[in-house]
Amino acid sequence: MNKKRKVLILQNIDTALLIAIIALLMGGMVMLVSASMPFAEKSLGDPFAYLYKQSSAVFLGIIASLIFFLIPTQYWEKLGILTPIFAIGLLSLVLIPDLGVTVNGATRWVKLGPLPNIQVVDPARLLFFLYIAGYCVRQQEQLRMTFVSFLKPMIFIFPACLLLLLQPDFGSTVVLLMVTAALFFVAGFKIRYFIVLVIALIGILGLLAYISPYRMARITSFMNPWDDPFNSGYQLTQSLIAIGRGQWFGVGLGEGVQKLFYLPEAHTDFIFAVIAEELGLIGSLLIIGLYALLIWRIFSIALKAINSKRIYQGYLSFSIAIWFATQVIINIGVNMGLLPTKGLTLPLISYGRSSMIITLITLAIVLRIGCENPRTKVNKKIGG
């Protein structure tokens, strides 16, 4: 790539998206310190232990994202079926004895010797979206005409979902299936086929929840957590108490009490409840607004790519936007008692080193797509 082309790409960077990323990242680090200090001091002997760990992940993520930003996005399309094969291989690693790591009854992590454990679903999910976007480009005409075209990628997706359910990781299974279905719809999947697909997915997910006592307990406790506030409904009731205490402006940064061993997973899955308690409704809306800005800019990049006949880049951006939107909505919905507990983190804010690194890499790919897009106005239509 010549120097002039490099300068043009950097000039075309989506400033609003970059601001949203930086703001969420900085705000997330502040809230992580506040939410994790009591637990870090008790379990690790250092109140700033999780800050140090997350900071190392951010540093590695920024280095990795700079590398991925330099890679032209057409190379991802050329990988084809290699990406889902590699993703399934990653998901299979947790089944290997002495390699898979079990935390709170879920085997989702893999040991990497002296390096931090990696949650394999994080890179696997991105690899699948790289593949599905490419498949929708290659099979676009068939997707618009036949239902069979939907079944072909299921050769990879169903084994991946099975491996996720074995961990168990119901939340990531939901995200993978929802993003796949949504991207097929964007690619032109006939509406009647799409409705059948959605009904089938709801039925499958409902059946999986019904046959699993653990998942059914989560669903029933979500419907009325106050029926059993000290057992199955404990986590949700503590989250609701935290949110209720925040009122308009919060109790003050660092002044929350629910993180003091009342609210489990206060620095991971339920960090939004800590935000609501300490920063109140105003602070919560600010965080939601930043996520809305981030997701809107990714959708805008996707539309611009499709209108510029860069279909693969457009579909990939769409899948990432839907992924982020789904995960944010589910996480906040769970914290507010609107959805059953799923075990999904809040992107760029919750503690999780592998999640942070993959999230930054993913956003770097989106920024690269935005930079490669021609500098023209976005049309309102999805199609060209």
# chains A, B, ... in the order shown; residues from 1 in each chain; ligands from 1
$ closest_atom_pairs --of "range 29-114 of chain A" --to "range 362-376 of chain A" --cutoff "9 Å" --atoms "only C-alpha atoms" --output "CSV"
residue,atom,partner,partner_atom,distance
A:Ile62,CA,A:Ala364,CA,8.9
A:Ala64,CA,A:Ala364,CA,8.9
A:Ser65,CA,A:Ala364,CA,5.2
A:Leu66,CA,A:Ala364,CA,7.1
A:Ile67,CA,A:Ala364,CA,8.8
A:Phe68,CA,A:Ala364,CA,6.5
A:Phe69,CA,A:Ala364,CA,5.2
A:Leu70,CA,A:Arg368,CA,7.6
A:Ile71,CA,A:Arg368,CA,8.1
A:Pro72,CA,A:Arg368,CA,7.5
A:Thr73,CA,A:Ile369,CA,6.7
$ residues_around --residues "Asn117 in chain A" --least-positions-apart "2" --cutoff "10 Å" --atoms "only C-alpha atoms" --output "ChimeraX atom specification"
/A:99-101,108-115,119-120,353-354
$ closest_residue --among "A:Val196, A:Arg138, A:Gly206, A:Ala20" --to "Tyr291 in chain A" --atoms "only C-alpha atoms"
A:Ala20
$ closest_residue --among "A:Leu263, A:Ile243, A:Met178, A:Leu183" --to "Val198 in chain A" --atoms "only C-alpha atoms"
A:Met178
$ closest_residue --among "A:Gln235, A:Gln247, A:Ser308, A:Ser284" --to "Val334 in chain A" --atoms "only C-alpha atoms"
A:Gln235
$ closest_residue --among "A:Gly352, A:Leu360, A:Phe299, A:Leu151" --to "Leu51 in chain A" --atoms "only C-alpha atoms"
A:Gly352
$ closest_residue --among "A:Ala16, A:Ile298, A:Gly314, A:Gly244" --to "Gly280 in chain A" --atoms "only C-alpha atoms"
A:Gly244
$ residues_around --residues "Gly250 in chain A" --least-positions-apart "3" --cutoff "10 Å" --atoms "only C-alpha atoms" --output "VMD selection string"
chain A and resid 242 to 247 253 255 to 256 274 to 284
$ residues_around --residues "range 203-205 of chain A" --least-positions-apart "6" --cutoff "10 Å" --atoms "only C-alpha atoms" --output "tab-separated table (two decimals) with N, CA and C atoms, in the first residue's frame"
chain	number	residue	atom	x	y	z
A	170	PHE	N	-25.31	-21.09	27.36
A	170	PHE	CA	-26.57	-20.86	26.65
A	170	PHE	C	-26.61	-19.47	26.04
A	173	THR	N	-24.76	-19.25	22.77
A	173	THR	CA	-25.53	-19.99	21.76
A	173	THR	C	-26.63	-19.11	21.19
A	174	VAL	N	-27.33	-18.41	22.07
A	174	VAL	CA	-28.40	-17.50	21.64
A	174	VAL	C	-27.84	-16.41	20.73
A	177	LEU	N	-26.87	-17.82	17.19
A	177	LEU	CA	-28.04	-18.13	16.36
A	177	LEU	C	-28.79	-16.87	15.95
A	197	LEU	N	-37.79	-19.87	10.26
A	197	LEU	CA	-36.51	-20.00	10.95
A	197	LEU	C	-36.59	-19.46	12.38
$ residues_around --residues "Pro47 in chain A" --least-positions-apart "6" --cutoff "9 Å" --atoms "only C-alpha atoms" --output "MDAnalysis selection string"
chainID A and resid 33 36:41
$ write_last_selection --atoms "N, CA and C atoms" --output "mmCIF file, in the first residue's frame"
data_model
loop_
_atom_site.group_PDB
_atom_site.id
_atom_site.type_symbol
_atom_site.label_atom_id
_atom_site.label_comp_id
_atom_site.auth_asym_id
_atom_site.auth_seq_id
_atom_site.Cartn_x
_atom_site.Cartn_y
_atom_site.Cartn_z
ATOM 1 N N VAL A 33 -12.666 -0.783 38.529
ATOM 2 C CA VAL A 33 -11.954 -0.569 39.793
ATOM 3 C C VAL A 33 -12.950 -0.505 40.944
ATOM 4 N N SER A 36 -14.740 -4.006 41.525
ATOM 5 C CA SER A 36 -13.924 -5.189 41.828
ATOM 6 C C SER A 36 -13.076 -5.069 43.089
ATOM 7 N N MET A 37 -12.910 -3.872 43.631
ATOM 8 C CA MET A 37 -11.977 -3.686 44.751
ATOM 9 C C MET A 37 -12.250 -4.596 45.953
ATOM 10 N N PRO A 38 -13.480 -4.682 46.444
ATOM 11 C CA PRO A 38 -13.705 -5.544 47.620
ATOM 12 C C PRO A 38 -13.379 -7.012 47.339
ATOM 13 N N PHE A 39 -13.846 -7.524 46.206
ATOM 14 C CA PHE A 39 -13.612 -8.928 45.869
ATOM 15 C C PHE A 39 -12.139 -9.188 45.593
ATOM 16 N N ALA A 40 -11.467 -8.240 44.910
ATOM 17 C CA ALA A 40 -10.047 -8.404 44.590
ATOM 18 C C ALA A 40 -9.200 -8.433 45.856
ATOM 19 N N GLU A 41 -9.531 -7.564 46.800
ATOM 20 C CA GLU A 41 -8.756 -7.525 48.043
ATOM 21 C C GLU A 41 -8.936 -8.812 48.847
#
$ closest_residue --among "A:Met336, A:Val179, A:Ala266, A:Val257" --to "Leu126 in chain A" --atoms "only C-alpha atoms"
A:Val179
$ atom_distance --atom1 "CA of Ile271 in chain A" --atom2 "CA of Thr359 in chain A"
17.2 Å
$ select_by_dssp --residues "range 15-248 of chain A" --states "strand (DSSP E)" --output "MDAnalysis selection string"
chainID A and resid 100:103 106:112 115:119
$ select_by_dssp --residues "range 135-309 of chain A" --states "helix (DSSP H, G or I)" --output "MDAnalysis selection string"
chainID A and resid 135:138 140:145 148:151 154:166 170:186 191:211 213:223 225:227 234:246 271:307
$ residues_around --residues "Gln142 in chain A" --least-positions-apart "4" --cutoff "12 Å" --atoms "only C-alpha atoms" --output "PyMOL selection string"
chain A and resi 135-138+146-152+184+187-190
$ atom_distance --atom1 "CA of Leu60 in chain A" --atom2 "CA of Leu25 in chain A"
13.8 Å
$ atom_distance --atom1 "CA of Ile21 in chain A" --atom2 "CA of Leu290 in chain A"
8.3 Å
